[in-house]
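Undergrad: Data: query13.cif, mmCIF, C-alpha atoms and all ligand atoms.
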```cif
data_protein
loop_
_atom_site.label_atom_id
_atom_site.label_comp_id
_atom_site.auth_asym_id
_atom_site.auth_seq_id
_atom_site.Cartn_x
_atom_site.Cartn_y
_atom_site.Cartn_z
CA MET A 1182 -13.63 3.63 8.73
CA LEU A 1183 -11.41 0.59 8.34
CA GLU A 1184 -9.74 -1.40 11.06
CA LEU A 1185 -7.25 -4.23 10.67
CA LYS A 1186 -7.09 -6.25 13.87
CA ASN A 1187 -4.22 -8.57 14.61
CA ILE A 1188 -3.89 -9.79 11.01
CA ASN A 1189 -1.60 -12.77 10.39
CA MET A 1190 -0.98 -14.30 7.01
CA SER A 1191 1.07 -17.32 6.09
CA PHE A 1192 1.35 -19.29 2.87
CA ALA A 1193 1.92 -23.03 2.68
CA LEU A 1194 4.97 -23.91 0.62
CA LYS A 1195 4.56 -27.24 -1.11
CA GLY A 1196 6.28 -29.02 -3.97
CA LYS A 1197 9.13 -31.35 -4.69
CA PHE A 1198 11.74 -29.00 -3.23
CA PHE A 1199 10.23 -29.33 0.25
CA GLN A 1200 10.37 -32.62 2.09
CA THR A 1201 7.85 -31.46 4.65
CA GLU A 1202 5.24 -28.77 4.23
CA LYS A 1203 6.51 -25.43 5.42
CA ARG A 1204 4.68 -22.19 5.99
CA ALA A 1205 6.06 -18.79 5.12
CA VAL A 1206 4.87 -16.19 7.59
CA VAL A 1207 4.31 -13.09 5.48
CA ILE A 1208 2.28 -10.80 7.77
CA ARG A 1209 2.53 -10.85 11.54
CA ASP A 1210 0.28 -9.18 14.16
CA PHE A 1211 -0.73 -6.34 11.88
CA ASP A 1212 -2.92 -3.66 13.51
CA LEU A 1213 -3.95 -0.53 11.65
CA THR A 1214 -6.91 1.86 11.52
CA ILE A 1215 -7.76 4.20 8.68
CA GLY A 1216 -9.87 7.30 9.21
CA ASP A 1217 -12.56 8.65 6.89
CA ASP A 1218 -10.57 10.75 4.45
CA GLU A 1219 -7.08 9.89 5.59
CA ILE A 1220 -4.10 9.14 3.36
CA ILE A 1221 -1.74 6.64 4.93
CA ALA A 1222 1.53 5.61 3.30
CA VAL A 1223 2.76 2.03 3.71
CA VAL A 1224 6.47 1.66 2.97
CA GLY A 1225 8.93 -1.18 3.14
CA GLU A 1226 11.35 -3.12 0.97
CA SER A 1227 10.41 -5.60 -1.73
CA GLY A 1228 8.80 -8.75 -0.34
CA CYS A 1229 7.87 -7.28 3.05
CA GLY A 1230 4.17 -7.95 2.47
CA LYS A 1231 2.79 -4.62 1.20
CA THR A 1232 0.78 -6.08 -1.68
CA THR A 1233 -0.45 -8.87 0.60
CA ILE A 1234 -1.83 -6.27 3.02
CA GLY A 1235 -3.48 -4.46 0.10
CA LYS A 1236 -5.13 -7.70 -1.00
CA ILE A 1237 -6.33 -8.44 2.54
CA VAL A 1238 -7.81 -4.94 2.88
CA THR A 1239 -9.66 -5.24 -0.42
CA GLY A 1240 -10.93 -8.72 0.44
CA LEU A 1241 -9.02 -10.50 -2.35
CA LEU A 1242 -7.17 -12.60 0.22
CA ALA A 1243 -8.52 -13.99 3.46
CA PRO A 1244 -6.02 -13.60 6.31
CA THR A 1245 -4.92 -16.74 8.16
CA SER A 1246 -6.14 -15.08 11.34
CA GLY A 1247 -7.39 -11.67 12.41
CA GLU A 1248 -10.25 -9.43 11.36
CA VAL A 1249 -10.89 -6.67 8.86
CA LEU A 1250 -13.64 -4.34 10.07
CA PHE A 1251 -15.32 -1.81 7.79
CA ASN A 1252 -17.45 0.68 9.73
CA GLY A 1253 -17.29 -1.75 12.62
CA GLU A 1254 -18.43 -4.80 10.65
CA ASN A 1255 -16.27 -7.82 9.86
CA ILE A 1256 -16.08 -7.99 6.05
CA ARG A 1257 -15.94 -11.78 6.00
CA ARG A 1258 -19.02 -12.27 8.17
CA THR A 1259 -21.43 -9.68 6.76
CA LYS A 1260 -24.46 -10.52 4.66
CA ARG A 1261 -24.18 -10.83 0.94
CA ASN A 1262 -25.53 -7.35 0.21
CA ASN A 1263 -23.05 -5.74 2.55
CA LYS A 1264 -20.25 -7.73 0.93
CA SER A 1265 -20.97 -6.28 -2.48
CA ASP A 1266 -21.22 -2.83 -0.88
CA TYR A 1267 -17.78 -3.42 0.56
CA ARG A 1268 -16.40 -4.42 -2.83
CA ARG A 1269 -17.62 -1.13 -4.24
CA ASN A 1270 -16.51 0.98 -1.33
CA VAL A 1271 -12.97 -0.34 -1.26
CA GLN A 1272 -11.10 -0.36 -4.56
CA PHE A 1273 -7.67 -1.73 -5.41
CA ILE A 1274 -5.35 -0.16 -7.94
CA GLN A 1275 -2.83 -2.81 -8.78
CA GLN A 1276 0.91 -2.53 -9.05
CA ASP A 1277 0.97 -3.70 -12.68
CA SER A 1278 -1.38 -1.50 -14.71
CA TYR A 1279 -0.94 -3.62 -17.81
CA ALA A 1280 -2.07 -6.84 -16.14
CA ALA A 1281 -4.97 -5.09 -14.42
CA LEU A 1282 -6.76 -4.23 -17.67
CA ASN A 1283 -8.30 -6.73 -20.06
CA PRO A 1284 -6.03 -6.58 -23.14
CA VAL A 1285 -8.83 -7.34 -25.63
CA LYS A 1286 -11.20 -4.66 -24.33
CA THR A 1287 -11.06 -1.01 -25.24
CA ILE A 1288 -10.94 1.63 -22.54
CA HIS A 1289 -14.57 2.40 -23.42
CA GLN A 1290 -15.58 -1.21 -22.74
CA SER A 1291 -13.59 -1.48 -19.51
CA LEU A 1292 -14.95 1.76 -18.06
CA CYS A 1293 -18.53 1.18 -19.19
CA ALA A 1294 -18.51 -2.24 -17.53
CA ALA A 1295 -17.61 -0.58 -14.23
CA ILE A 1296 -20.23 2.16 -14.70
CA GLU A 1297 -22.88 -0.51 -15.30
CA ILE A 1298 -21.90 -2.32 -12.11
CA ALA A 1299 -22.25 0.94 -10.18
CA GLU A 1300 -25.68 1.66 -11.62
CA LYS A 1301 -27.65 -1.23 -13.06
CA GLY A 1302 -29.81 -0.42 -16.09
CA ILE A 1303 -28.22 3.01 -16.60
CA SER A 1304 -29.42 4.75 -19.78
CA LYS A 1305 -27.09 5.19 -22.74
CA GLU A 1306 -26.95 8.96 -22.42
CA LYS A 1307 -26.24 8.86 -18.72
CA LYS A 1308 -23.53 6.27 -19.25
CA GLN A 1309 -21.83 8.49 -21.83
CA GLN A 1310 -22.12 11.44 -19.47
CA ARG A 1311 -20.54 9.49 -16.60
CA LEU A 1312 -17.76 8.22 -18.88
CA GLU A 1313 -16.89 11.77 -19.90
CA GLU A 1314 -17.03 12.93 -16.31
CA LEU A 1315 -14.70 10.16 -15.10
CA MET A 1316 -12.20 10.56 -17.92
CA GLY A 1317 -12.21 14.31 -17.41
CA PHE A 1318 -11.58 13.86 -13.71
CA VAL A 1319 -8.47 11.74 -14.21
CA GLY A 1320 -7.19 13.95 -17.02
CA LEU A 1321 -7.69 11.63 -20.00
CA THR A 1322 -8.81 14.41 -22.29
CA PRO A 1323 -9.75 14.93 -25.08
CA ILE A 1324 -11.52 11.65 -24.46
CA GLU A 1325 -11.81 10.66 -28.13
CA HIS A 1326 -7.99 10.26 -28.16
CA PHE A 1327 -8.20 7.50 -25.58
CA VAL A 1328 -11.62 5.99 -25.42
CA PHE A 1329 -11.36 3.46 -28.27
CA LYS A 1330 -7.77 2.45 -27.62
CA TYR A 1331 -6.66 -0.87 -26.19
CA PRO A 1332 -4.45 -0.99 -23.08
CA HIS A 1333 -1.29 -1.70 -25.10
CA GLN A 1334 -1.83 1.51 -27.07
CA LEU A 1335 -1.57 3.66 -23.95
CA SER A 1336 1.45 4.79 -21.95
CA GLY A 1337 2.00 3.54 -18.40
CA GLY A 1338 0.81 6.83 -16.92
CA GLN A 1339 -2.32 6.82 -19.07
CA ARG A 1340 -3.09 3.24 -18.04
CA GLN A 1341 -2.79 4.23 -14.37
CA ARG A 1342 -5.33 6.99 -15.02
CA VAL A 1343 -7.69 4.48 -16.63
CA LEU A 1344 -7.37 2.32 -13.50
CA MET A 1345 -8.17 5.36 -11.35
CA ALA A 1346 -11.21 6.17 -13.50
CA ARG A 1347 -12.40 2.57 -13.28
CA ALA A 1348 -12.02 2.60 -9.49
CA LEU A 1349 -13.83 5.96 -9.28
CA ALA A 1350 -16.76 4.65 -11.33
CA LEU A 1351 -17.86 2.72 -8.25
CA ASN A 1352 -17.84 5.78 -5.93
CA PRO A 1353 -15.40 4.21 -3.45
CA LYS A 1354 -14.69 5.46 0.07
CA LEU A 1355 -11.21 3.95 0.18
CA ILE A 1356 -8.69 3.23 -2.56
CA VAL A 1357 -5.68 1.00 -2.00
CA ALA A 1358 -3.08 2.19 -4.50
CA ASP A 1359 -0.28 -0.37 -4.80
CA GLU A 1360 2.86 1.34 -6.10
CA PRO A 1361 0.84 3.34 -8.62
CA VAL A 1362 3.84 5.27 -9.87
CA SER A 1363 6.65 2.73 -9.67
CA MET A 1364 6.41 1.85 -13.37
CA ILE A 1365 6.03 5.43 -14.53
CA ASP A 1366 8.64 7.87 -15.69
CA VAL A 1367 9.87 10.09 -12.86
CA SER A 1368 8.75 13.22 -14.70
CA LEU A 1369 5.16 11.96 -14.93
CA ARG A 1370 4.90 10.66 -11.39
CA ILE A 1371 3.99 13.99 -9.93
CA ALA A 1372 0.88 14.19 -12.14
CA ILE A 1373 -0.45 10.87 -10.77
CA LEU A 1374 0.42 11.89 -7.20
CA LYS A 1375 -1.42 15.20 -7.71
CA LEU A 1376 -4.41 13.25 -9.00
CA ILE A 1377 -4.48 11.12 -5.82
CA GLU A 1378 -4.29 14.31 -3.76
CA LYS A 1379 -7.17 15.83 -5.74
CA LEU A 1380 -9.36 12.73 -5.31
CA ASN A 1381 -8.70 12.83 -1.59
CA ARG A 1382 -9.43 16.54 -1.25
CA GLU A 1383 -12.42 16.89 -3.56
CA LEU A 1384 -14.14 13.52 -3.29
CA LYS A 1385 -13.05 12.75 0.31
CA ILE A 1386 -11.69 9.35 -0.67
CA ALA A 1387 -9.28 7.76 1.81
CA PHE A 1388 -6.10 6.22 0.38
CA ILE A 1389 -3.69 3.53 1.43
CA TYR A 1390 -0.68 4.44 -0.64
CA ILE A 1391 1.74 1.52 -0.94
CA THR A 1392 5.28 2.28 -2.02
CA HIS A 1393 8.95 1.53 -1.44
CA ASP A 1394 9.88 5.13 -2.12
CA LEU A 1395 10.06 7.48 0.85
CA ALA A 1396 10.00 10.63 -1.30
CA THR A 1397 6.61 9.90 -2.88
CA ALA A 1398 5.29 8.71 0.50
CA LYS A 1399 6.22 12.07 2.02
CA TYR A 1400 4.65 13.93 -0.88
CA ILE A 1401 1.35 12.11 -0.76
CA ALA A 1402 0.86 11.71 2.99
CA ASP A 1403 2.35 15.11 3.76
CA LYS A 1404 0.18 15.79 6.80
CA GLY A 1405 -0.80 12.16 7.42
CA ARG A 1406 0.71 8.99 8.78
CA ILE A 1407 3.27 6.52 7.55
CA CYS A 1408 3.51 2.84 8.37
CA VAL A 1409 6.98 1.33 7.97
CA MET A 1410 7.07 -2.44 7.42
CA TYR A 1411 9.88 -4.93 7.68
CA LEU A 1412 9.20 -8.56 6.73
CA GLY A 1413 5.52 -8.45 7.63
CA ASP A 1414 5.85 -6.49 10.87
CA ILE A 1415 4.91 -2.87 11.38
CA VAL A 1416 8.13 -1.56 12.88
CA GLU A 1417 7.15 2.10 13.11
CA LEU A 1418 3.81 3.88 12.71
CA GLY A 1419 3.01 7.53 13.21
CA ASN A 1420 3.02 11.08 11.88
CA ILE A 1421 5.08 11.19 8.69
CA ASP A 1422 7.26 14.17 9.64
CA GLU A 1423 8.09 12.69 13.01
CA VAL A 1424 8.95 9.30 11.45
CA LEU A 1425 11.04 10.62 8.55
CA PHE A 1426 12.87 13.42 10.34
CA HIS A 1427 13.31 11.65 13.69
CA PRO A 1428 13.26 7.93 12.82
CA LYS A 1429 13.37 5.78 15.93
CA HIS A 1430 13.46 2.15 14.81
CA PRO A 1431 16.91 1.00 13.59
CA TYR A 1432 15.31 -0.18 10.30
CA THR A 1433 13.66 3.20 9.65
CA GLN A 1434 16.98 4.90 10.43
CA ALA A 1435 18.69 2.64 7.89
CA LEU A 1436 15.95 3.31 5.32
CA VAL A 1437 16.15 7.08 5.71
CA THR A 1438 19.98 7.04 5.62
CA ALA A 1439 19.86 5.04 2.37
CA VAL A 1440 17.87 7.74 0.51
CA PRO A 1441 20.19 9.38 -2.01
CA VAL A 1442 20.71 13.08 -1.31
CA PRO A 1443 21.25 15.25 -4.40
CA ASP A 1444 22.76 18.22 -2.53
CA PRO A 1445 26.49 17.44 -1.99
CA SER A 1446 26.68 19.69 1.07
CA TYR A 1447 24.24 17.38 2.88
CA ARG A 1448 25.68 14.15 1.54
CA GLY A 1449 27.08 11.84 4.17
CA THR A 1450 25.85 13.93 7.11
CA ARG A 1451 24.07 10.87 8.48
CA GLY A 1452 27.14 8.68 8.20
CA GLU A 1453 27.17 5.11 6.97
CA ILE A 1454 23.95 3.12 6.65
CA PRO A 1455 23.54 1.62 10.13
CA VAL A 1456 23.14 -2.08 9.37
CA LYS A 1457 25.31 -4.98 10.48
CA GLY A 1458 24.89 -7.14 7.41
CA MET A 1459 22.60 -7.99 4.55
CA GLU A 1460 21.43 -11.34 5.92
CA MET A 1461 17.64 -11.57 5.82
CA THR A 1462 15.58 -13.68 8.19
CA LYS A 1463 13.98 -16.58 6.33
CA LEU A 1464 10.20 -16.31 6.35
CA THR A 1465 9.89 -20.03 7.09
CA GLU A 1466 12.30 -20.03 9.99
CA ARG A 1467 11.49 -17.07 12.09
CA GLY A 1468 10.49 -17.18 15.69
CA ARG A 1469 8.57 -14.63 17.71
CA GLY A 1470 11.40 -12.13 17.94
CA CYS A 1471 12.38 -9.13 15.84
CA SER A 1472 12.93 -9.96 12.15
CA PHE A 1473 15.43 -7.13 11.79
CA ALA A 1474 17.66 -8.44 14.61
CA PRO A 1475 20.23 -10.21 12.34
CA ARG A 1476 20.93 -6.91 10.56
CA CYS A 1477 20.53 -4.58 13.53
CA PRO A 1478 23.69 -3.13 15.14
CA TYR A 1479 21.86 -2.61 18.46
CA ALA A 1480 20.32 -6.09 18.75
CA THR A 1481 21.00 -8.38 21.67
CA GLU A 1482 20.33 -12.10 21.85
CA GLU A 1483 16.89 -11.62 23.42
CA CYS A 1484 15.75 -9.52 20.46
CA SER A 1485 15.45 -12.56 18.21
CA GLN A 1486 13.75 -14.72 20.83
CA GLU A 1487 11.09 -12.71 22.60
CA ASP A 1488 7.81 -11.11 21.55
CA ILE A 1489 8.51 -7.45 21.00
CA PRO A 1490 5.95 -5.03 22.46
CA TYR A 1491 5.31 -1.61 20.93
CA VAL A 1492 6.59 1.46 22.73
CA GLU A 1493 5.19 4.92 22.08
CA ILE A 1494 7.59 7.82 21.62
CA ASN A 1495 6.27 11.29 20.64
CA GLY A 1496 3.04 9.68 19.44
CA VAL A 1497 4.88 7.17 17.23
CA LYS A 1498 4.48 3.42 17.78
CA VAL A 1499 7.84 1.64 17.57
CA LYS A 1500 8.46 -2.11 17.74
CA CYS A 1501 11.88 -2.35 19.33
CA ARG A 1502 12.87 -3.75 22.70
CA ASN A 1503 16.27 -2.08 22.77
CA ILE A 1504 15.11 1.40 21.86
CA GLU A 1505 17.18 3.05 24.64
CA GLU A 1506 20.35 1.95 22.83
CA VAL A 1507 19.32 3.42 19.47
CA PRO A 1508 20.71 6.94 18.91
CA VAL A 1509 18.14 9.74 18.88
CA TRP A 1510 17.97 11.76 15.65
CA THR A 1511 17.46 15.42 16.36
N1 LIG B 1601 0.29 -16.74 -3.02
C1 LIG B 1601 1.47 -16.77 -2.42
N2 LIG B 1601 2.05 -17.95 -2.06
C2 LIG B 1601 3.23 -17.99 -1.42
N3 LIG B 1601 3.95 -16.91 -1.09
C3 LIG B 1601 3.44 -15.70 -1.41
C4 LIG B 1601 2.18 -15.56 -2.10
N4 LIG B 1601 1.94 -14.23 -2.28
C5 LIG B 1601 3.00 -13.59 -1.74
N5 LIG B 1601 3.90 -14.45 -1.23
C6 LIG B 1601 5.17 -14.09 -0.54
O1 LIG B 1601 4.85 -13.12 0.42
C7 LIG B 1601 5.89 -12.17 0.55
C8 LIG B 1601 5.31 -10.79 0.43
O2 LIG B 1601 4.83 -10.58 -0.87
P1 LIG B 1601 4.21 -9.19 -1.34
O3 LIG B 1601 3.81 -9.31 -2.75
O4 LIG B 1601 3.17 -8.79 -0.37
O5 LIG B 1601 5.46 -8.21 -1.20
P2 LIG B 1601 5.59 -6.66 -1.53
O6 LIG B 1601 5.97 -5.99 -0.25
O7 LIG B 1601 4.36 -6.18 -2.22
O8 LIG B 1601 6.84 -6.61 -2.50
P3 LIG B 1601 7.10 -5.65 -3.79
O9 LIG B 1601 7.59 -4.35 -3.23
O10 LIG B 1601 8.19 -6.37 -4.52
O11 LIG B 1601 5.82 -5.54 -4.56
C9 LIG B 1601 6.91 -12.52 -0.50
O12 LIG B 1601 7.98 -13.18 0.12
C10 LIG B 1601 6.17 -13.44 -1.45
O13 LIG B 1601 7.05 -14.36 -2.00
MG MG B 1602 3.97 -5.48 -4.11
#
```
Would you mind writing the structure in this file as structure tokens?

TA:
Amino acid sequence: MLELKNINMSFALKGKFFQTEKRAVVIRDFDLTIGDDEIIAVVGESGCGKTTIGKIVTGLLAPTSGEVLFNGENIRRTKRNNKSDYRRNVQFIQQDSYAALNPVKTIHQSLCAAIEIAEKGISKEKKQQRLEELMGFVGLTPIEHFVFKYPHQLSGGQRQRVLMARALALNPKLIVADEPVSMIDVSLRIAILKLIEKLNRELKIAFIYITHDLATAKYIADKGRICVMYLGDIVELGNIDEVLFHPKHPYTQALVTAVPVPDPSYRGTRGEIPVKGMEMTKLTERGRGCSFAPRCPYATEECSQEDIPYVEINGVKVKCRNIEEVPVWT
């Protein structure tokens, strides 16, 4: 359904702190396809470009270079009508649920506005019916408890549900959910994750689930794929079980080792976190090579200088030129 082809994104950094204009390279050579009712998890640490990818997919940001194809058509070059179709078909659920809703509009007003966009000139009765249907679907019931409240009168989890309902109003084919549960209490997270699962199963909506948390990624994309990012590069992409249980890229291995294990009998079985240091490559000063090289215990000098091709191991794409040196997890 959706194809990202060789996406690059850089931002110009201007201002009195910079003598000359610099560019921060935030996304580099990003290739990804998303199938019709697939759920794909995108994980990576803060600042690695996850939200930027979400914005590029939804058309909020134009990439510096590269193409976004929806059903084979470039979203930036299509006719006006197709562009508005695209905006309906691909919805974005933002990281910050509070900022995403208009604070001076009630939930009723926010949702009805979306329903009216989906169906122009909809009758009052039908609108009410659709509102009840949507709120029921996302579990905001009884609806009279919520419908005339303002965003600040709802909990974080309830606001996320409102965002889901608003996205659903437009009958989307793909929803990009940017850390939808990161601001929600751990005990309530599962309910939102179950809702995403239900939308995928019953309405056949594809999801790009953006997170920095491997546990929720595993839960949501249980049979699907995971895309691991490090500073704008996809370092590993493939079946989620293969990636999480047999991580191949040194960064994925470090990420999986860093997950806290509650069971003491398993604690420490993977040894120390395999990183050399905490030094991060500066986005303005990186060359073609691997961004993880300064922290990678297996890196050689060439790693930070050359273009790194992908290698495929057990169906997983890995961006590492020294993969033979990296220990195999069995
Ligand atoms: N408009 C912008 N201008 C300049 N730099 C930007 C802009 N938007 C994002 N960036 C930079 O791009 C990088 C990636 O940002 P992004 O928001 O995509 O990260 P993220 O992976 O979503 O992080 P988090 O997990 O904290 O949400 C960051 O270093 C950020 O500072
Ligand atoms: Mg983000």

Undergrad: If you measure from atom CA of A:Trp1510 to atom CA of A:Thr1214, what distance in Å do you get, rounded to one decimal?

TA: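 Separation between atom CA of A:Trp1510 and atom CA of A:Thr1214: 27.1 Å.
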
Undergrad: Give me the chain A side of the contact with ligand MG 1602 (chain B), cut-off 10 Å, one line per residue showing its nearest atom pair and distance in Å at one decimal, counting only C-alpha atoms and all ligand atoms, sorted by chain and residue number, as CSV.

TA:
```
residue,atom,partner,partner_atom,distance
A:Gly1225,CA,B:MG1602,MG,9.8
A:Glu1226,CA,B:MG1602,MG,9.3
A:Ser1227,CA,B:MG1602,MG,6.9
A:Gly1228,CA,B:MG1602,MG,6.9
A:Cys1229,CA,B:MG1602,MG,8.3
A:Gly1230,CA,B:MG1602,MG,7.0
A:Lys1231,CA,B:MG1602,MG,5.5
A:Thr1232,CA,B:MG1602,MG,4.1
A:Thr1233,CA,B:MG1602,MG,7.3
A:Ile1234,CA,B:MG1602,MG,9.2
A:Gly1235,CA,B:MG1602,MG,8.6
A:Lys1236,CA,B:MG1602,MG,9.9
A:Gln1275,CA,B:MG1602,MG,8.7
A:Gln1276,CA,B:MG1602,MG,6.5
A:Asp1277,CA,B:MG1602,MG,9.3
A:Asp1359,CA,B:MG1602,MG,6.7
A:Glu1360,CA,B:MG1602,MG,7.2
A:Ile1391,CA,B:MG1602,MG,8.0
A:Thr1392,CA,B:MG1602,MG,8.1
A:His1393,CA,B:MG1602,MG,9.0
```

Undergrad: If we count only C-alpha atoms and set the cut-off at 8 Å, which residues sit around stretch 1484-1495 of chain A, ignoring sequence neighbours fewer than 4 positions away in its own chain? Please answer as JSON, numbers by chain.

TA: {"A": [1423, 1468, 1469, 1470, 1471, 1472, 1474, 1475, 1480, 1499, 1500, 1501, 1502, 1503]}

Undergrad: Just to confirm, what's the straight-line distance from atom CA of A:Glu1378 to atom CA of A:Ile1401 in Å (one decimal)?

TA: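 Atom CA of A:Ile1401 lies at a distance of 6.8 Å from atom CA of A:Glu1378.
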
Undergrad: Which is closest to A:Ile1407 among A:Leu1395, A:Val1362, A:Ala1193, A:Ala1372, if we use all atoms listed in the file?

TA: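 Selected residue with least distance to A:Ile1407: A:Leu1395.
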
Undergrad: Hey, which of A:Leu1312, A:Ala1387, A:Val1319, A:Ile1208 ends up closest to ligand LIG 1601 (chain B)? Count all atoms listed in the file.

TA: A:Ile1208

Undergrad: Any chance you could work out the axis-aligned box around ligand LIG 1601 (chain B), listed atoms only, 3 Å on each side, giving centre and edge lengths in Å to one decimal, as AutoDock Vina command-line options?

TA:
```
--center_x 4.2 --center_y -11.2 --center_z -2.0 --size_x 13.9 --size_y 19.6 --size_z 11.1
```
